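Quick notes on the structure that follows.
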Amino acid sequence: MNQVIESLRVRVARKDQTALGITSFELVSADGVPLPAFEAGSHVDVAVPGGLTRQYSLCNDPSESHRYQIAVLNVPDGRGGSRAMHEAVHLGDVLVISKPRNHFPLANARGHSLLLAGGIGITPLLCMAERLAQMDRPFTLHYFARSAERAAFIGRIRASRFSAHAHFHFDEAPAAPPNLQALLVPAGADAHLYTCGPKGFMDAVLACARSGGWADDQLHQEYFSAEPVTMEGDGAFEVQLASSGRVVPIAADQTVIAALAAQGVHIETSCEQGVCGTCLTRVLGGEPDHRDVYLTAAEQASNDQFLPCCSRAKSGRLVLDL
Ligand code: FES
């Protein structure tokens, strides 16, 4: 569904290959008015040619109001969004995007910040590094990539005011960084760790951090995509709409979103894989079976909201605030 809420029209002012398989886009207002301000960690939804909507982190300095910059890794065997950005978006094109939203903010803490980027996961962390440097707060950026030629923004980082805080780890597969333990030594209760990259990389970082003594509220992550959800072995259940009392059956091979849409009840979606939070829905009764990577473990445990694009039910019925 190519639908972007609270939309802005932007023009592609630059399109550059910043690394092997990675293209950056500079987006300026199509109407000449200043763009809405954004914080480090923010992303925009982009209505991609072909009908898809994709989320991309803003990676320019958050004090800039004349442009947004995003970078897109081409995933040839993906679902088509990144390929369309690479092949069907050209200099001068006008795109519809959302206003910036931030699910990955910097904590309001003065302690050390540790930023761990895997591959294209550098984008939100680059913006965070700019902001931390501006605020003169202590931080270290570790950037893992398979090779220098596949790593975006190396020149920009080396030329930046924070270059002394940046460490590159090339020749190391981002899915399994070998020296994490040495990098993840906790730096006090006021320290915070931020990570973004492929799911395997982030899972390794977060597991290593937890086993090294980091508390959950010191860990911050943003997933770009989730493992494909298999419905094998899933059962049927029911969803009840609290406003009308109507009960909708969800077949074993159906998502809640699809079953509700078939009954004329439409919930806004974007990623459709439990990553972006667009379809977040309040749960008033029953126990969800959370399959997303968007909610924290504590939020999932409270069972009062779920992501119906991918999550299901452990109980026979869920009552939804719809
Ligand atoms: Fe993105 Fe459901 S549509 S989490």
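Please note that chains go A, B, ... in the order of the structure tokens, that every chain numbers its residues from 1, and that ligands are numbered from 1 in the order shown.
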8 Å contact set for Ala133 (chain A), only C-alpha atoms, chain neighbours under 4 positions out, as an MDAnalysis selection string: chainID A and resid 129 137:138 161:162
Export, as a PDB file, in the first residue's frame, the selected residues with N, CA and C atoms.
```pdb
ATOM      1  N   ALA A 129      25.969  10.485  15.689  1.00  0.00           N
ATOM      2  CA  ALA A 129      27.345  10.925  15.931  1.00  0.00           C
ATOM      3  C   ALA A 129      27.462  12.429  15.715  1.00  0.00           C
ATOM      4  N   ARG A 137      29.153  15.553  23.778  1.00  0.00           N
ATOM      5  CA  ARG A 137      28.961  14.407  24.675  1.00  0.00           C
ATOM      6  C   ARG A 137      29.878  13.265  24.252  1.00  0.00           C
ATOM      7  N   PRO A 138      30.410  12.500  25.213  1.00  0.00           N
ATOM      8  CA  PRO A 138      31.382  11.454  24.872  1.00  0.00           C
ATOM      9  C   PRO A 138      30.734  10.285  24.133  1.00  0.00           C
ATOM     10  N   ARG A 161      34.234  16.187  12.290  1.00  0.00           N
ATOM     11  CA  ARG A 161      34.793  16.677  13.561  1.00  0.00           C
ATOM     12  C   ARG A 161      34.920  15.554  14.579  1.00  0.00           C
ATOM     13  N   PHE A 162      34.234  14.419  14.309  1.00  0.00           N
ATOM     14  CA  PHE A 162      34.272  13.324  15.273  1.00  0.00           C
ATOM     15  C   PHE A 162      35.108  12.145  14.787  1.00  0.00           C
TER      16      PHE A 162
END
```
Hey, which residues sit close to ligand 1? Say within 8 Å, counting only C-alpha atoms and all ligand atoms, and write them as a VMD selection string. chain A and resid 268 to 280 292 294 307 to 310
Output of the above residues as a PDB file, in the first residue's frame, restricted to C-alpha atoms:
```pdb
ATOM      1  CA  GLU A 268      -2.678   1.317   8.065  1.00  0.00           C
ATOM      2  CA  THR A 269       0.453  -0.687   7.271  1.00  0.00           C
ATOM      3  CA  SER A 270       3.875   0.011   5.865  1.00  0.00           C
ATOM      4  CA  CYS A 271       6.620  -2.606   6.350  1.00  0.00           C
ATOM      5  CA  GLU A 272       4.212  -5.536   6.928  1.00  0.00           C
ATOM      6  CA  GLN A 273       6.952  -7.382   8.821  1.00  0.00           C
ATOM      7  CA  GLY A 274       6.782  -6.054  12.385  1.00  0.00           C
ATOM      8  CA  VAL A 275       9.575  -3.503  12.020  1.00  0.00           C
ATOM      9  CA  CYS A 276       8.075  -0.027  11.633  1.00  0.00           C
ATOM     10  CA  GLY A 277       5.243   0.165  14.193  1.00  0.00           C
ATOM     11  CA  THR A 278       2.743   1.694  11.737  1.00  0.00           C
ATOM     12  CA  CYS A 279       0.034  -0.897  12.449  1.00  0.00           C
ATOM     13  CA  LEU A 280       0.380  -0.779  16.259  1.00  0.00           C
ATOM     14  CA  ASP A 292       7.593  -8.326  15.754  1.00  0.00           C
ATOM     15  CA  TYR A 294       9.458  -3.263  17.035  1.00  0.00           C
ATOM     16  CA  LEU A 307       1.490  -5.515  15.562  1.00  0.00           C
ATOM     17  CA  PRO A 308      -1.272  -7.233  13.581  1.00  0.00           C
ATOM     18  CA  CYS A 309       0.743  -7.327  10.339  1.00  0.00           C
ATOM     19  CA  CYS A 310       2.767 -10.244  11.723  1.00  0.00           C
TER      20      CYS A 310
END
```
Per-residue nearest contacts region 123-190 of chain A to region 51-71 of chain A, cut-off 12 Å, using only C-alpha atoms, as CSV:
```
residue,atom,partner,partner_atom,distance
A:Thr123,CA,A:Cys59,CA,4.9
A:Pro124,CA,A:Ser57,CA,5.4
A:Leu125,CA,A:Cys59,CA,7.7
A:Leu126,CA,A:Cys59,CA,5.9
A:Cys127,CA,A:Cys59,CA,4.8
A:Met128,CA,A:Cys59,CA,8.5
A:Ala129,CA,A:Asp61,CA,9.0
A:Glu130,CA,A:Asp61,CA,5.8
A:Arg131,CA,A:Pro62,CA,6.9
A:Leu132,CA,A:Asp61,CA,10.6
A:Ala133,CA,A:Asp61,CA,10.5
A:Gln134,CA,A:Ser63,CA,9.3
A:Met135,CA,A:Ser63,CA,11.5
A:Ala151,CA,A:Ala71,CA,11.3
A:Ala152,CA,A:Ala71,CA,8.3
A:Phe153,CA,A:Ala71,CA,9.6
A:Arg156,CA,A:Asn60,CA,10.6
A:Ile157,CA,A:Asn60,CA,11.6
A:Ser160,CA,A:Asp61,CA,11.1
A:Arg161,CA,A:Asp61,CA,12.0
```
Can I get the selected residues back with N, CA, C and O atoms, as a PDB file, in the first residue's frame?
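Generated output (result-v2.pdb):
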```pdb
ATOM      1  N   THR A 123      23.428   4.555   8.854  1.00  0.00           N
ATOM      2  CA  THR A 123      22.689   5.798   8.562  1.00  0.00           C
ATOM      3  C   THR A 123      22.152   6.516   9.809  1.00  0.00           C
ATOM      4  O   THR A 123      22.478   7.691  10.008  1.00  0.00           O
ATOM      5  N   PRO A 124      21.360   5.875  10.685  1.00  0.00           N
ATOM      6  CA  PRO A 124      20.886   6.636  11.857  1.00  0.00           C
ATOM      7  C   PRO A 124      22.010   6.953  12.830  1.00  0.00           C
ATOM      8  O   PRO A 124      21.986   7.980  13.515  1.00  0.00           O
ATOM      9  N   LEU A 125      23.023   6.084  12.873  1.00  0.00           N
ATOM     10  CA  LEU A 125      24.108   6.277  13.838  1.00  0.00           C
ATOM     11  C   LEU A 125      25.026   7.426  13.409  1.00  0.00           C
ATOM     12  O   LEU A 125      25.616   8.111  14.248  1.00  0.00           O
ATOM     13  N   LEU A 126      25.113   7.649  12.107  1.00  0.00           N
ATOM     14  CA  LEU A 126      25.894   8.781  11.607  1.00  0.00           C
ATOM     15  C   LEU A 126      25.255  10.092  12.069  1.00  0.00           C
ATOM     16  O   LEU A 126      25.930  11.025  12.517  1.00  0.00           O
ATOM     17  N   CYS A 127      23.949  10.134  11.982  1.00  0.00           N
ATOM     18  CA  CYS A 127      23.196  11.308  12.432  1.00  0.00           C
ATOM     19  C   CYS A 127      23.373  11.492  13.948  1.00  0.00           C
ATOM     20  O   CYS A 127      23.538  12.619  14.443  1.00  0.00           O
ATOM     21  N   MET A 128      23.367  10.386  14.685  1.00  0.00           N
ATOM     22  CA  MET A 128      23.576  10.456  16.140  1.00  0.00           C
ATOM     23  C   MET A 128      24.987  10.961  16.460  1.00  0.00           C
ATOM     24  O   MET A 128      25.178  11.761  17.377  1.00  0.00           O
ATOM     25  N   ALA A 129      25.969  10.485  15.689  1.00  0.00           N
ATOM     26  CA  ALA A 129      27.345  10.925  15.931  1.00  0.00           C
ATOM     27  C   ALA A 129      27.462  12.429  15.715  1.00  0.00           C
ATOM     28  O   ALA A 129      28.111  13.139  16.498  1.00  0.00           O
ATOM     29  N   GLU A 130      26.816  12.954  14.654  1.00  0.00           N
ATOM     30  CA  GLU A 130      26.826  14.407  14.396  1.00  0.00           C
ATOM     31  C   GLU A 130      26.249  15.147  15.607  1.00  0.00           C
ATOM     32  O   GLU A 130      26.808  16.143  16.072  1.00  0.00           O
ATOM     33  N   ARG A 131      25.145  14.650  16.104  1.00  0.00           N
ATOM     34  CA  ARG A 131      24.446  15.331  17.201  1.00  0.00           C
ATOM     35  C   ARG A 131      25.250  15.254  18.508  1.00  0.00           C
ATOM     36  O   ARG A 131      25.364  16.242  19.239  1.00  0.00           O
ATOM     37  N   LEU A 132      25.806  14.077  18.787  1.00  0.00           N
ATOM     38  CA  LEU A 132      26.596  13.932  20.021  1.00  0.00           C
ATOM     39  C   LEU A 132      27.824  14.838  19.973  1.00  0.00           C
ATOM     40  O   LEU A 132      28.202  15.450  20.982  1.00  0.00           O
ATOM     41  N   ALA A 133      28.438  14.930  18.787  1.00  0.00           N
ATOM     42  CA  ALA A 133      29.607  15.814  18.654  1.00  0.00           C
ATOM     43  C   ALA A 133      29.203  17.265  18.873  1.00  0.00           C
ATOM     44  O   ALA A 133      29.906  18.023  19.543  1.00  0.00           O
ATOM     45  N   GLN A 134      28.053  17.646  18.313  1.00  0.00           N
ATOM     46  CA  GLN A 134      27.545  19.019  18.520  1.00  0.00           C
ATOM     47  C   GLN A 134      27.347  19.318  19.997  1.00  0.00           C
ATOM     48  O   GLN A 134      27.608  20.419  20.467  1.00  0.00           O
ATOM     49  N   MET A 135      26.819  18.326  20.730  1.00  0.00           N
ATOM     50  CA  MET A 135      26.508  18.535  22.150  1.00  0.00           C
ATOM     51  C   MET A 135      27.727  18.305  23.040  1.00  0.00           C
ATOM     52  O   MET A 135      27.642  18.413  24.247  1.00  0.00           O
ATOM     53  N   ALA A 151      31.268   0.158   2.324  1.00  0.00           N
ATOM     54  CA  ALA A 151      30.903   0.970   3.489  1.00  0.00           C
ATOM     55  C   ALA A 151      30.618   2.407   3.047  1.00  0.00           C
ATOM     56  O   ALA A 151      31.501   3.090   2.519  1.00  0.00           O
ATOM     57  N   ALA A 152      29.390   2.860   3.267  1.00  0.00           N
ATOM     58  CA  ALA A 152      29.011   4.213   2.860  1.00  0.00           C
ATOM     59  C   ALA A 152      29.573   5.240   3.830  1.00  0.00           C
ATOM     60  O   ALA A 152      29.754   4.955   5.018  1.00  0.00           O
ATOM     61  N   PHE A 153      29.873   6.411   3.297  1.00  0.00           N
ATOM     62  CA  PHE A 153      30.221   7.592   4.093  1.00  0.00           C
ATOM     63  C   PHE A 153      31.572   7.519   4.819  1.00  0.00           C
ATOM     64  O   PHE A 153      31.787   8.237   5.788  1.00  0.00           O
ATOM     65  N   ARG A 156      33.255  10.917   4.525  1.00  0.00           N
ATOM     66  CA  ARG A 156      32.589  11.914   5.376  1.00  0.00           C
ATOM     67  C   ARG A 156      32.969  11.716   6.843  1.00  0.00           C
ATOM     68  O   ARG A 156      33.218  12.679   7.567  1.00  0.00           O
ATOM     69  N   ILE A 157      33.034  10.487   7.280  1.00  0.00           N
ATOM     70  CA  ILE A 157      33.376  10.224   8.688  1.00  0.00           C
ATOM     71  C   ILE A 157      34.830  10.611   8.948  1.00  0.00           C
ATOM     72  O   ILE A 157      35.142  11.258   9.948  1.00  0.00           O
ATOM     73  N   SER A 160      35.168  14.259   9.324  1.00  0.00           N
ATOM     74  CA  SER A 160      34.248  14.907  10.262  1.00  0.00           C
ATOM     75  C   SER A 160      34.966  15.387  11.520  1.00  0.00           C
ATOM     76  O   SER A 160      36.094  14.998  11.801  1.00  0.00           O
ATOM     77  N   ARG A 161      34.234  16.187  12.290  1.00  0.00           N
ATOM     78  CA  ARG A 161      34.793  16.677  13.561  1.00  0.00           C
ATOM     79  C   ARG A 161      34.920  15.554  14.579  1.00  0.00           C
ATOM     80  O   ARG A 161      35.578  15.693  15.589  1.00  0.00           O
TER      81      ARG A 161
END
```
So that I can check the surroundings of Ile154 (chain A), please list as number ranges by chain every protein, DNA and RNA residue that reaches within 12 Å of it, counting only C-alpha atoms and ignoring chain neighbours fewer than 2 positions away. A: 18-19, 119-120, 122-123, 126, 142-145, 147-152, 156-160, 163, 166-170
As a PyMOL selection string, please: every residue in region 33-218 of chain A that a backbone DSSP assignment puts in strand (DSSP E or B). chain A and resi 43-48+52-57+68-73+94-98+101+113-118+139-144+166-169+192-197
For the residues in the current selection, export N, CA and C atoms as a CSV table (one decimal), in the first residue's frame.
```
chain,number,residue,atom,x,y,z
A,43,HIS,N,13.4,8.7,11.0
A,43,HIS,CA,13.3,8.2,9.7
A,43,HIS,C,12.2,8.8,9.0
A,44,VAL,N,12.1,8.6,7.7
A,44,VAL,CA,10.9,9.0,6.9
A,44,VAL,C,10.4,7.8,6.2
A,45,ASP,N,9.1,7.8,6.0
A,45,ASP,CA,8.5,6.8,5.1
A,45,ASP,C,8.5,7.4,3.7
A,46,VAL,N,9.0,6.6,2.7
A,46,VAL,CA,9.1,7.1,1.3
A,46,VAL,C,8.1,6.2,0.5
A,47,ALA,N,7.2,6.9,-0.3
A,47,ALA,CA,6.4,6.2,-1.2
A,47,ALA,C,7.2,5.9,-2.5
A,48,VAL,N,7.6,4.7,-2.6
A,48,VAL,CA,8.5,4.2,-3.6
A,48,VAL,C,7.8,4.0,-4.9
A,52,LEU,N,5.1,0.6,-3.3
A,52,LEU,CA,5.6,0.2,-1.9
A,52,LEU,C,5.9,1.4,-1.1
A,53,THR,N,5.9,1.3,0.3
A,53,THR,CA,6.3,2.3,1.2
A,53,THR,C,7.5,1.7,2.0
A,54,ARG,N,8.5,2.5,2.1
A,54,ARG,CA,9.7,2.0,2.8
A,54,ARG,C,10.2,3.1,3.8
A,55,GLN,N,10.8,2.6,4.9
A,55,GLN,CA,11.3,3.6,5.8
A,55,GLN,C,12.9,3.7,5.6
A,56,TYR,N,13.3,4.9,5.6
A,56,TYR,CA,14.8,5.2,5.5
A,56,TYR,C,15.2,6.2,6.6
A,57,SER,N,16.3,5.9,7.3
A,57,SER,CA,16.8,6.8,8.3
A,57,SER,C,17.4,8.0,7.7
A,68,TYR,N,17.0,16.7,3.5
A,68,TYR,CA,17.1,15.4,4.2
A,68,TYR,C,18.0,14.5,3.3
A,69,GLN,N,18.8,13.7,4.0
A,69,GLN,CA,19.6,12.8,3.2
A,69,GLN,C,19.3,11.3,3.7
A,70,ILE,N,19.1,10.4,2.7
A,70,ILE,CA,18.9,9.0,3.0
A,70,ILE,C,19.9,8.2,2.2
A,71,ALA,N,20.1,7.0,2.6
A,71,ALA,CA,21.0,6.1,1.8
A,71,ALA,C,20.3,4.7,1.7
A,72,VAL,N,20.4,4.1,0.6
A,72,VAL,CA,19.6,2.9,0.3
A,72,VAL,C,20.5,1.8,-0.2
A,73,LEU,N,20.5,0.7,0.5
A,73,LEU,CA,21.3,-0.5,0.0
A,73,LEU,C,20.4,-1.2,-0.9
A,94,VAL,N,10.1,14.1,-8.1
A,94,VAL,CA,9.4,14.5,-6.9
A,94,VAL,C,8.9,13.2,-6.2
A,95,LEU,N,9.2,13.1,-4.9
A,95,LEU,CA,8.7,12.0,-4.2
A,95,LEU,C,7.8,12.4,-3.0
A,96,VAL,N,6.9,11.6,-2.6
A,96,VAL,CA,6.1,11.8,-1.4
A,96,VAL,C,6.7,11.1,-0.3
A,97,ILE,N,6.9,11.8,0.8
A,97,ILE,CA,7.5,11.2,2.0
A,97,ILE,C,6.7,11.6,3.2
A,98,SER,N,6.9,10.9,4.3
A,98,SER,CA,6.2,11.4,5.6
A,98,SER,C,7.0,12.4,6.2
A,101,ARG,N,9.8,10.8,11.7
A,101,ARG,CA,9.3,10.2,13.0
A,101,ARG,C,10.5,9.6,13.6
A,113,SER,N,28.2,7.2,25.1
A,113,SER,CA,27.3,6.5,24.1
A,113,SER,C,28.2,5.7,23.2
A,114,LEU,N,27.8,4.4,23.0
A,114,LEU,CA,28.5,3.5,22.2
A,114,LEU,C,27.6,3.2,21.0
A,115,LEU,N,28.1,3.5,19.8
A,115,LEU,CA,27.3,3.4,18.6
A,115,LEU,C,27.9,2.2,17.7
A,116,LEU,N,27.1,1.2,17.5
A,116,LEU,CA,27.6,0.1,16.7
A,116,LEU,C,26.8,-0.1,15.4
A,117,ALA,N,27.5,0.1,14.3
A,117,ALA,CA,26.8,0.1,13.0
A,117,ALA,C,27.2,-1.2,12.2
A,118,GLY,N,26.3,-1.9,11.6
A,118,GLY,CA,26.6,-3.0,10.7
A,118,GLY,C,26.2,-2.6,9.3
A,139,PHE,N,31.4,9.8,23.1
A,139,PHE,CA,30.8,8.7,22.4
A,139,PHE,C,31.9,8.0,21.5
A,140,THR,N,31.7,6.8,21.2
A,140,THR,CA,32.5,6.0,20.2
A,140,THR,C,31.7,5.4,19.2
A,141,LEU,N,32.1,5.5,17.9
A,141,LEU,CA,31.4,4.8,16.8
A,141,LEU,C,32.2,3.7,16.3
A,142,HIS,N,31.6,2.5,16.3
A,142,HIS,CA,32.3,1.3,15.6
A,142,HIS,C,31.5,1.0,14.4
A,143,TYR,N,32.1,0.9,13.3
A,143,TYR,CA,31.5,0.7,12.0
A,143,TYR,C,32.0,-0.6,11.4
A,144,PHE,N,31.1,-1.6,11.3
A,144,PHE,CA,31.5,-2.9,10.7
A,144,PHE,C,31.0,-3.0,9.3
A,166,ALA,N,35.7,7.6,15.8
A,166,ALA,CA,35.2,6.5,14.8
A,166,ALA,C,36.3,5.4,14.6
A,167,HIS,N,35.8,4.2,14.6
A,167,HIS,CA,36.7,3.0,14.4
A,167,HIS,C,36.0,2.2,13.3
A,168,PHE,N,36.8,1.8,12.3
A,168,PHE,CA,36.3,1.0,11.2
A,168,PHE,C,36.8,-0.5,11.4
A,169,HIS,N,35.9,-1.4,11.1
A,169,HIS,CA,36.2,-2.8,11.2
A,169,HIS,C,35.8,-3.4,9.9
A,192,HIS,N,25.0,4.4,27.3
A,192,HIS,CA,23.9,3.9,26.4
A,192,HIS,C,24.6,3.3,25.2
A,193,LEU,N,24.0,2.2,24.7
A,193,LEU,CA,24.5,1.5,23.5
A,193,LEU,C,23.4,1.6,22.4
A,194,TYR,N,23.8,2.0,21.2
A,194,TYR,CA,22.8,2.1,20.1
A,194,TYR,C,23.4,1.2,19.0
A,195,THR,N,22.5,0.4,18.4
A,195,THR,CA,23.0,-0.5,17.3
A,195,THR,C,21.9,-0.5,16.2
A,196,CYS,N,22.4,-0.6,15.0
A,196,CYS,CA,21.6,-0.7,13.8
A,196,CYS,C,22.4,-1.5,12.7
A,197,GLY,N,21.7,-2.4,12.0
A,197,GLY,CA,22.4,-3.2,11.0
A,197,GLY,C,21.5,-4.4,10.7
```
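Among the candidate residues A:Gln300, A:Gln218, A:Thr281, A:Thr255, the one lying nearest to Leu241 (chain A) is A:Thr281, with distances computed using only C-alpha atoms.
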Alpha helix (DSSP H) positions in region 139-281 of chain A, given as an MDAnalysis selection string: chainID A and resid 154:158 180:183 199:211 256:262
Residue selection dump (C-alpha atoms) as an mmCIF file, in the first residue's frame:
```cif
data_model
loop_
_atom_site.group_PDB
_atom_site.id
_atom_site.type_symbol
_atom_site.label_atom_id
_atom_site.label_comp_id
_atom_site.auth_asym_id
_atom_site.auth_seq_id
_atom_site.Cartn_x
_atom_site.Cartn_y
_atom_site.Cartn_z
ATOM 1 C CA ILE A 154 33.775 6.596 5.004
ATOM 2 C CA GLY A 155 35.179 9.838 3.543
ATOM 3 C CA ARG A 156 32.589 11.914 5.376
ATOM 4 C CA ILE A 157 33.376 10.224 8.688
ATOM 5 C CA ARG A 158 37.142 10.570 8.211
ATOM 6 C CA LEU A 180 32.509 -7.679 20.318
ATOM 7 C CA GLN A 181 33.207 -8.563 23.924
ATOM 8 C CA ALA A 182 36.229 -6.298 24.065
ATOM 9 C CA LEU A 183 34.211 -3.382 22.628
ATOM 10 C CA LYS A 199 19.389 -8.625 12.217
ATOM 11 C CA GLY A 200 22.144 -11.199 12.846
ATOM 12 C CA PHE A 201 24.615 -8.419 13.637
ATOM 13 C CA MET A 202 22.231 -6.677 16.018
ATOM 14 C CA ASP A 203 21.210 -9.894 17.752
ATOM 15 C CA ALA A 204 24.914 -10.673 18.333
ATOM 16 C CA VAL A 205 25.590 -7.165 19.677
ATOM 17 C CA LEU A 206 22.608 -7.188 22.027
ATOM 18 C CA ALA A 207 23.262 -10.714 23.317
ATOM 19 C CA CYS A 208 26.906 -9.890 23.982
ATOM 20 C CA ALA A 209 25.968 -6.615 25.706
ATOM 21 C CA ARG A 210 23.431 -8.325 27.979
ATOM 22 C CA SER A 211 25.861 -11.056 28.935
ATOM 23 C CA VAL A 256 -4.908 -10.301 11.185
ATOM 24 C CA ILE A 257 -4.465 -7.381 8.790
ATOM 25 C CA ALA A 258 -5.596 -9.460 5.796
ATOM 26 C CA ALA A 259 -8.568 -11.003 7.611
ATOM 27 C CA LEU A 260 -9.797 -7.624 8.839
ATOM 28 C CA ALA A 261 -9.297 -6.017 5.404
ATOM 29 C CA ALA A 262 -11.433 -8.769 3.866
#
```
Taken to one decimal, the CA of Pro249 (chain A)-CA of Phe237 (chain A) distance is 6.1 Å
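The residue that comes closest to Lys15 (chain A), out of A:Val75, A:Leu91, A:Ala236, A:Leu320 and on the basis of only C-alpha atoms, is A:Leu91.
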Shell around Val319 (chain A) at 10 Å using only C-alpha atoms, local window under 6 positions removed, as a PyMOL selection string: chain A and resi 238-243+245-247+282-288
Could you save the residues just selected, with all heavy atoms, as a CSV table (one decimal), in the first residue's frame?
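Written out: out-v6.csv:
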```
chain,number,residue,atom,x,y,z
A,238,GLU,N,-9.7,-15.9,16.9
A,238,GLU,CA,-10.7,-14.8,16.6
A,238,GLU,C,-10.2,-13.5,17.1
A,238,GLU,O,-9.4,-13.4,18.0
A,238,GLU,CB,-12.0,-15.2,17.3
A,238,GLU,CG,-12.7,-16.4,16.7
A,238,GLU,CD,-13.9,-16.7,17.6
A,238,GLU,OE1,-14.0,-16.2,18.7
A,238,GLU,OE2,-14.8,-17.4,17.0
A,239,VAL,N,-10.7,-12.5,16.4
A,239,VAL,CA,-10.4,-11.1,16.8
A,239,VAL,C,-11.8,-10.4,17.0
A,239,VAL,O,-12.7,-10.6,16.2
A,239,VAL,CB,-9.6,-10.4,15.7
A,239,VAL,CG1,-9.8,-8.9,15.8
A,239,VAL,CG2,-8.1,-10.7,15.9
A,240,GLN,N,-12.0,-9.8,18.1
A,240,GLN,CA,-13.2,-9.1,18.4
A,240,GLN,C,-12.9,-7.6,18.3
A,240,GLN,O,-12.0,-7.1,19.0
A,240,GLN,CB,-13.8,-9.5,19.7
A,240,GLN,CG,-15.1,-8.8,20.0
A,240,GLN,CD,-15.8,-9.4,21.2
A,240,GLN,OE1,-15.2,-9.9,22.1
A,240,GLN,NE2,-17.2,-9.3,21.2
A,241,LEU,N,-13.8,-6.8,17.6
A,241,LEU,CA,-13.7,-5.4,17.6
A,241,LEU,C,-14.4,-4.8,18.7
A,241,LEU,O,-15.6,-4.9,18.9
A,241,LEU,CB,-14.2,-4.9,16.2
A,241,LEU,CG,-13.8,-5.6,15.0
A,241,LEU,CD1,-14.4,-4.9,13.7
A,241,LEU,CD2,-12.2,-5.6,14.9
A,242,ALA,N,-13.7,-4.1,19.6
A,242,ALA,CA,-14.3,-3.6,20.9
A,242,ALA,C,-15.5,-2.6,20.6
A,242,ALA,O,-16.5,-2.6,21.3
A,242,ALA,CB,-13.3,-2.9,21.7
A,243,SER,N,-15.4,-1.8,19.5
A,243,SER,CA,-16.4,-0.8,19.3
A,243,SER,C,-17.7,-1.4,18.9
A,243,SER,O,-18.8,-0.8,19.3
A,243,SER,CB,-15.9,0.2,18.2
A,243,SER,OG,-15.7,-0.6,17.0
A,245,GLY,N,-18.3,-5.0,18.9
A,245,GLY,CA,-18.5,-6.4,19.4
A,245,GLY,C,-18.4,-7.4,18.3
A,245,GLY,O,-18.5,-8.6,18.5
A,246,ARG,N,-18.2,-7.0,17.0
A,246,ARG,CA,-18.1,-7.9,15.9
A,246,ARG,C,-16.9,-8.9,16.1
A,246,ARG,O,-15.8,-8.4,16.5
A,246,ARG,CB,-17.9,-7.1,14.6
A,246,ARG,CG,-18.1,-7.8,13.4
A,246,ARG,CD,-18.4,-6.8,12.3
A,246,ARG,NE,-17.7,-7.1,11.1
A,246,ARG,CZ,-17.2,-6.2,10.2
A,246,ARG,NH1,-17.4,-4.9,10.4
A,246,ARG,NH2,-16.6,-6.6,9.1
A,247,VAL,N,-17.1,-10.1,15.7
A,247,VAL,CA,-16.0,-11.1,15.8
A,247,VAL,C,-15.6,-11.5,14.4
A,247,VAL,O,-16.4,-11.9,13.6
A,247,VAL,CB,-16.5,-12.4,16.6
A,247,VAL,CG1,-15.4,-13.4,16.6
A,247,VAL,CG2,-16.8,-11.9,18.1
A,282,ARG,N,-4.0,-1.3,20.0
A,282,ARG,CA,-4.2,-1.7,21.4
A,282,ARG,C,-5.0,-3.0,21.6
A,282,ARG,O,-5.9,-3.2,20.9
A,282,ARG,CB,-4.9,-0.5,22.1
A,282,ARG,CG,-4.0,0.7,22.3
A,282,ARG,CD,-4.3,1.4,23.6
A,282,ARG,NE,-5.7,1.7,23.8
A,282,ARG,CZ,-6.2,1.7,25.0
A,282,ARG,NH1,-5.5,1.4,26.1
A,282,ARG,NH2,-7.5,2.1,25.2
A,283,VAL,N,-4.5,-3.8,22.5
A,283,VAL,CA,-5.2,-5.0,22.8
A,283,VAL,C,-5.9,-4.9,24.2
A,283,VAL,O,-5.3,-4.5,25.2
A,283,VAL,CB,-4.1,-6.2,22.9
A,283,VAL,CG1,-4.8,-7.5,23.3
A,283,VAL,CG2,-3.4,-6.3,21.6
A,284,LEU,N,-7.2,-5.1,24.2
A,284,LEU,CA,-8.0,-4.9,25.4
A,284,LEU,C,-8.3,-6.2,26.1
A,284,LEU,O,-8.7,-6.3,27.3
A,284,LEU,CB,-9.3,-4.2,25.1
A,284,LEU,CG,-9.2,-2.9,24.3
A,284,LEU,CD1,-10.5,-2.3,24.0
A,284,LEU,CD2,-8.4,-1.9,25.2
A,285,GLY,N,-8.1,-7.4,25.4
A,285,GLY,CA,-8.3,-8.7,26.0
A,285,GLY,C,-7.6,-9.8,25.3
A,285,GLY,O,-7.4,-9.6,24.0
A,286,GLY,N,-7.3,-10.9,25.9
A,286,GLY,CA,-6.6,-12.0,25.3
A,286,GLY,C,-5.1,-11.8,25.3
A,286,GLY,O,-4.6,-10.8,25.8
A,287,GLU,N,-4.4,-12.8,24.8
A,287,GLU,CA,-3.0,-12.8,24.9
A,287,GLU,C,-2.3,-12.9,23.5
A,287,GLU,O,-2.5,-13.9,22.8
A,287,GLU,CB,-2.4,-14.0,25.7
A,287,GLU,CG,-1.0,-13.9,26.0
A,287,GLU,CD,-0.4,-15.1,26.8
A,287,GLU,OE1,-1.2,-16.0,27.2
A,287,GLU,OE2,0.8,-15.2,27.0
A,288,PRO,N,-1.7,-11.8,23.1
A,288,PRO,CA,-1.0,-11.8,21.7
A,288,PRO,C,0.2,-12.8,21.7
A,288,PRO,O,0.8,-13.0,22.7
A,288,PRO,CB,-0.6,-10.4,21.5
A,288,PRO,CG,-1.1,-9.6,22.6
A,288,PRO,CD,-1.5,-10.5,23.7
```
Calculated over only C-alpha atoms, which of the candidates A:Pro34, A:Arg312, A:Gly78, A:Ser302 has the smallest distance to His290 (chain A)? A:Arg312
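Nearest to His165 (chain A) of all the residues A:His112, A:His220, A:His103, A:Arg146 is A:His112, counting only C-alpha atoms.
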Could you pull the residues within 12 Å of Asp93 (chain A), counting only C-alpha atoms, minus those fewer than 4 positions along the same chain, as JSON, numbers by chain? {"A": [9, 10, 11, 12, 13, 14, 15, 25, 26, 27, 28, 29, 30, 48, 49, 85, 88, 89]}
